[in-house]
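**Student:** Provided herewith is a single structure, encoded as C-alpha cells, for subsequent inquiry.
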Amino acid sequence: MKIVREFAHKVVQYENVWIPMKDGVRLAARLWLPESAEENPVPAILEYIPYRKRDSMRSRDNQIYSYFAGNGYAGVRVDLRGSGDSEGVLADEYLQQELDDGITILEWLERQDWCNGKVGIMGISWGGFNGLQIAAMRPPQLAAIITASSTDDRFADDVHHMGGCLLGDNLSWASTMFAYNSCPPDPEIAGEKWREMWFERLRGSGLWLEKWLRHQRRDEYWKHGSVCENFAAIECPVMAVSGWADGYSNAVFRLLTGLTGPRKGLIGPWGHKYPHVGIPGPAIGFLQEALRWWDTWLKGIDTGVMAEPMLRVWMQESVPPTTSYECRRGRWVGETSWPSSNINTTIYSMAPARLLDPTAIPSGENECCRLQSPLGLGLFAGKWCSYAAAPDLPHDQRQEDGGARVYDSAPLKESIEILGAPRVELELEADKPVAMIAVRLSDIAPDDKATRISYGLLNLTHRNSSEFPEPLEPGKHYTVKVDLNYIGQAIPAGHRIRVAVSTSYWPMAWPAPESAGIKLYTSNSRLLLPTRKPQPEDKRLRQLDLPEAAPPERMEVIRPEYHNWTVIRDLATDVSQLKVINDNGSQYIKRIDLTISRTAKEWYTYQGDDFDSVQGETTWERSFIRNNWSIRTKGRTVLSSSSQYFYLRAELDAYEGDKRVYSQNWDYVIPRDLV
C-alpha cells in the first residue's frame with residue numbers, strides 16, 4: 001500500500017469530542033479536520049460503530065480519516081452508546097435507540113462551524129448496517145452512504161441464520177460482542193467516572209445470544225433494521241461494497257435491484273475487510289474510489305462515477321482448493337444495470353450421479369437415492385464469513401463429498417462464466433418432521449480436486465416461509481428451491497461442475513434436532529446457473545488505482561498475532577473437534593501510552609452420530625494496561641442442544657490488576673422452534 005503523507009489540506013486531529021444525545025448521554029467522537037475547515041466549512045464523513053475508536057480501531061481510523069480530511073472532508077468516528085468511550089449501555093444490535101442517536105449525531109454535525117451541513121455515512125459490517133438503516137429514516141443532512149459488508153435482510157442473510165438454519169457464526173459473533181461489551185472506557189477520556197461507566201456496562205449489556213436464540217423465525221425482531229422491508233424508504237445515493245470471500249456479497253445484488261435512486265455495486269475477491277486492505281487480493285485503491293463517490297454527492301463535482309457501469313465485479317478464475325489465498329486470479333467485469341440482460345440461465349437436469357449437458361434431452365430417469373450424511377460433514381467448510389482469511393476458507397471438498405450425494409457434469413467443452421445466484425431445485429422426501437440440506441457447487445479440476453465456489457443451506461421447515469415455518473410430513477414428496485450465494489466465477493474447459501447435497505453441515509450450521517434421512521428424486525431436480533458471455537466493454541473498464549492511505553498509528557508489537565484452524569479426530573472416543581484460534585496478539589500504542597491485547601478461541605465438537613453431543617464453546621480475553629491501570633476481562637460461552645432445547649451457559653469475569661472485581665454467570669434453557 002502506498003502511504004500518502006502530503007495532502008492538499010493540512011490535517012488537524014481531535015482525540016475526543018463529546019456529542020450530547022437528547023437524554024443527556026454523551027457519545028465520544030474522534031475528529032480529523034482540514035486546518036481551514038472553520039473558515040471554509042466542509043462536508044463530513046461519519047462512521048458510527050462499537051469497536052473502540054481510542055485503541056482497537058485507532059490505526060485503521062487514522063489511515064482512512066486523515067486521508068479524507070487531507071482531501072477536504074471532516075472525518076468523524078463515533079463510538080456507539082455504551083461502547084468505547086461513550087456513555088450509556090449497549091444492549092443489542094441496531095436498536096431504535098442506536099438509530100435515533102445516529103440522527104442526533106447528524107443534527108449535531110450540521111450545527112458545527114466546520115461542517116457545511118452535508119454528511120455521508122461510511123461503514124463496514126456494523127457501520128454498513130446502520131448506514132442503510134439511518135438512510136431509511138431520511139435525515140435531511142444525509143447526502144449519500146457507502147455500505148460495505150452489510151445486509152438488507154437481518155434474518156435471511158446475516159451472521160445469525162441462513163436458509164432458516166442456525167449458523168455456527170451466531171455463537172462466534174455473540175461471543176465477540178460479549179467481549180467488546182465487557183471493556184471499560186479509557187480513564188484519560190472518561191475521567192473519574194470510568195469505573196462507574198464500566199460497571200454499568202458489565203451489569204447492563206446482557207448476553208445477546210440468549211435474545212437471538214429466542215427468535216428462531218423471521219419475526220418482528222429481525223424485520224426491524226431489515227431495509228428490504230421497504231427499499232423505497234432509502235432515497236439517498238448508495239454505494240454497496242463486498243467481496244466473494246465475505247458473508248455479505250448477496251446484499252449488493254439485492255440493493256441494486258430493490259433501490260431506485262442512484263446506486264453502485266462493487267464486489268472483489270476480498271473477505272470481510274475494506275478493499276484497500278482486501279484479502280485475498282488484489283486490493284484496490286478503495287479510498288480513491290470513495291473520494292470519487294463523496295466528491296460527486298457531497299461536493300457536486302462531476303467525477304464521472306455515475307457514467308460507469310452500475311456494477312463492477314471481480315470475475316474469479318479457477319484455482320486449486322486451499323484455506324487461504326494471497327491473491328485470486330481474475331479480471332474486472334461490469335454491468336450497466338442489475339438485473340442484467342447479459343445474464344442467461346443455463347439449466348442442467350439431474351440424472352443418477354450426473355448433471356446432464358444443457359443441450360441434452362432429460363433422460364426421464366427418476367432415481368430415488370437415500371441420503372443421511374455423517375453428523376460432522378462440514379468440518380472443512382471454512383467460515384461463513386472470512387475475517388482473517390487464513391485459514392478460514394473451504395478446503396478440498398472431496399473430504400466432504402463422501403458423505404453427500406454428488407452430481408457431476410461431463411467435462412466442459414468450453415469455458416463458462418457464472419455471475420449471479422445459482423439455484424438448485426430438488427424433489428425429495430424426509431423421514432423426520434425437521435431436516436436440513438446443504439447444497440454445494442464445486443469446480444472439479446482434471447486431477448479431481450474440488451474447489452467450492454458457492455453453497456446454500458435450507459432448513460426444510462422453512463421451504464415456503466421463514467416467518468411461518470411448517471414441519472415436514474414424513475414420506476411426502478416436496479419440491480424445494482435452494483438459492484446458493486451469488487458468485488462471479490469462470491470455469492475452464494475440461495473442468496466439471498459438481499452439485500453435492502448433504503443433510504448436515506456442522507459447524508457451519510447447527511444440526512437438525514435428530515438425525516434425519518431424505519430421499520432424492522432426479523426427474524424433477526435440476527441446477528440453474530446464471531451464465532454470462534464476456535462483453536467487449538469489459539476490456540474498456542477504467543483501471544482501478546493501487547491502494548493508498550494516510551500513515552497508520554505507530555504501534556509496537558509486544559506479542560505477534562496468530563490465527564489457526566485445527567481439526568482433531570480422536571478415533572478411540574469417536575470425538576471430533578474443530579479448534580479455531582483468533583489471537584490478535586498484544587500491541588503498545590505509544591501516543592496514548594496503552595498496551596492492548598485480544599485473544600479468542602473456539603471449539604466445535606461432536607461424538608459419532610450423537611446429535612445430542614453437538615457443542616460450541618468460545619472464550620475471549622481482553623486487556624488494557626497503562627502504568628498502574630490494568631484491566632482484564634474473560635468471557636466464556638457454551639452452547640449445546642437436545643432434540644427439544646438449546647442449552648446456553650456463559651461466564652464473565654473482570655479484573656483490576658490481579659483482583660477480580662466482577663463476576664456473573666448465565667444459564668438458559670431455550671425451546672427449539674423447528675430448527
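Labels for the C-alpha cells follow display order: chains A, B, ..., residues from 1 in each chain, ligands from 1.
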Write out as a list in words the residues lying within 6 Å of A:Cys327, counting only C-alpha atoms and excluding same-chain residues fewer than 6 positions away.
**Tutor:**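 My reading of the contact set: Pro280, Gly281 and Pro282 of chain A.
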**Student:** Residues within 6 Å of stretch 504-515 of chain A, please, as a list of chain:residue names. Count only C-alpha atoms; anything in the same chain fewer than 5 positions from it doesn't count.
**Tutor:**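 Contacts, in chain order: A:Leu166, A:Leu167, A:Gly168, A:Leu375, A:Gly376, A:Leu377, A:Gly378, A:Ala435, A:Phe611, A:Ser643.
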**Student:** Please save N, CA and C atoms of the selected residues as a compact mmCIF listing (two decimals), in the first residue's frame.
**Tutor:**
# COMPACT_ATOMS: atom_id res chain seq x y z
N LEU A 166 -29.71 -22.29 11.75
CA LEU A 166 -28.96 -21.52 12.73
C LEU A 166 -27.47 -21.67 12.43
N LEU A 167 -26.79 -20.55 12.20
CA LEU A 167 -25.38 -20.59 11.85
C LEU A 167 -24.49 -20.73 13.07
N GLY A 168 -23.37 -21.45 12.92
CA GLY A 168 -22.38 -21.52 13.98
C GLY A 168 -21.79 -20.15 14.27
N LEU A 375 -22.83 -36.73 10.76
CA LEU A 375 -23.07 -35.51 11.52
C LEU A 375 -21.99 -34.47 11.27
N GLY A 376 -20.73 -34.89 11.20
CA GLY A 376 -19.62 -33.95 11.10
C GLY A 376 -19.27 -33.52 9.70
N LEU A 377 -20.12 -33.81 8.72
CA LEU A 377 -19.83 -33.31 7.38
C LEU A 377 -19.91 -31.79 7.42
N GLY A 378 -18.81 -31.13 7.12
CA GLY A 378 -18.74 -29.68 7.19
C GLY A 378 -17.51 -29.18 7.93
N ALA A 435 -35.71 -31.28 9.18
CA ALA A 435 -34.48 -31.73 8.50
C ALA A 435 -33.89 -30.54 7.77
N PHE A 611 -26.49 -36.70 17.93
CA PHE A 611 -26.88 -35.31 17.69
C PHE A 611 -26.98 -34.53 19.00
N SER A 643 -32.85 -32.71 21.39
CA SER A 643 -33.83 -32.66 20.31
C SER A 643 -34.90 -31.60 20.56
**Student:** Pick from A:Met436, A:Val669, A:Leu379, A:Ile301: nearest to A:Ile568, with only C-alpha atoms counted?
**Tutor:**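 That would be A:Leu379, the residue with the smallest distance to A:Ile568.
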**Student:** Excluding A:Cys385 and any residue of its chain fewer than 3 positions from it, enumerate the residues within 9 Å of it, using only C-alpha atoms, and give them as a compact mmCIF listing (two decimals) with C-alpha atoms, in the first residue's frame.
**Tutor:**
# COMPACT_ATOMS: atom_id res chain seq x y z
CA VAL A 159 -24.46 -13.90 10.72
CA ASP A 169 -21.19 -17.95 13.46
CA ALA A 245 -14.98 -14.38 0.47
CA ASP A 246 -17.22 -12.18 2.62
CA GLY A 247 -20.52 -13.34 4.07
CA TYR A 248 -22.39 -10.33 2.69
CA GLY A 271 -13.13 -11.21 2.76
CA HIS A 272 -14.61 -9.03 5.50
CA GLY A 382 -14.42 -22.84 6.39
CA ALA A 389 -8.84 -15.16 5.53
CA ASP A 392 -10.80 -19.89 7.15
CA LEU A 393 -11.72 -20.62 3.52
**Student:** Return the single residue from A:Lys476, A:Arg58, A:Arg591, A:Arg26 that is closest to A:Thr104, with distances computed using only C-alpha atoms.
**Tutor:**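 Result for the nearest residue to A:Thr104: A:Arg26.
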**Student:** Mind pulling up the distance from atom CA of A:Leu27 to atom CA of A:Asp295?
**Tutor:** 27.9 Å
**Student:** Any idea what the distance is between atom CA of A:Arg263 and atom CA of A:Glu335?
**Tutor:**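 Atom CA of A:Glu335 lies 12.6 Å from atom CA of A:Arg263.
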**Student:** Could you list, as a ChimeraX atom specification, every residue within 7 Å of A:Gly127, counting only C-alpha atoms and ignoring same-chain residues fewer than 6 positions away?
**Tutor:** /A:47-49
**Student:** A:Gly206, A:Leu46, A:Ser502, A:Pro471: which is nearest A:Ala438, counting only C-alpha atoms?
**Tutor:** A:Ser502
**Student:** List the spatial neighbours of A:Thr322 as a PyMOL selection string - criterion: any atom at most 10 Å away, only C-alpha atoms, same-chain residues fewer than 3 positions off excluded.
**Tutor:** chain A and resi 319+325+390-397+450-452
**Student:** Store the residues of this selection in a file with N, CA and C atoms, as a short mmCIF file (atom, residue, chain, number, x, y, z; two decimals), in the first residue's frame.
**Tutor:**
data_model
loop_
_atom_site.label_atom_id
_atom_site.label_comp_id
_atom_site.auth_asym_id
_atom_site.auth_seq_id
_atom_site.Cartn_x
_atom_site.Cartn_y
_atom_site.Cartn_z
N VAL A 319 -9.07 -21.95 -9.39
CA VAL A 319 -7.88 -22.13 -8.55
C VAL A 319 -7.98 -23.47 -7.83
N TYR A 325 -5.76 -17.65 0.33
CA TYR A 325 -5.15 -17.21 -0.92
C TYR A 325 -4.58 -15.81 -0.70
N ALA A 390 -7.27 -16.53 6.74
CA ALA A 390 -6.18 -17.50 6.86
C ALA A 390 -6.28 -18.18 8.22
N PRO A 391 -6.60 -19.47 8.25
CA PRO A 391 -7.01 -20.32 7.12
C PRO A 391 -8.49 -20.65 7.22
N ASP A 392 -9.37 -19.70 6.89
CA ASP A 392 -10.80 -19.89 7.15
C ASP A 392 -11.64 -20.05 5.88
N LEU A 393 -11.00 -20.36 4.76
CA LEU A 393 -11.72 -20.62 3.52
C LEU A 393 -11.92 -22.13 3.34
N PRO A 394 -12.84 -22.57 2.48
CA PRO A 394 -13.14 -24.01 2.38
C PRO A 394 -11.98 -24.81 1.80
N HIS A 395 -11.76 -25.99 2.36
CA HIS A 395 -10.71 -26.91 1.92
C HIS A 395 -11.22 -27.73 0.74
N ASP A 396 -10.38 -28.61 0.24
CA ASP A 396 -10.74 -29.52 -0.85
C ASP A 396 -12.03 -30.26 -0.48
N GLN A 397 -13.06 -30.11 -1.32
CA GLN A 397 -14.38 -30.64 -0.99
C GLN A 397 -14.49 -32.15 -1.13
N ALA A 450 -11.51 -30.58 -5.79
CA ALA A 450 -12.82 -29.92 -5.78
C ALA A 450 -12.74 -28.60 -5.03
N THR A 451 -12.94 -27.49 -5.75
CA THR A 451 -12.94 -26.16 -5.15
C THR A 451 -14.37 -25.67 -5.04
N ARG A 452 -14.84 -25.45 -3.82
CA ARG A 452 -16.21 -24.95 -3.63
C ARG A 452 -16.29 -23.51 -4.13
#
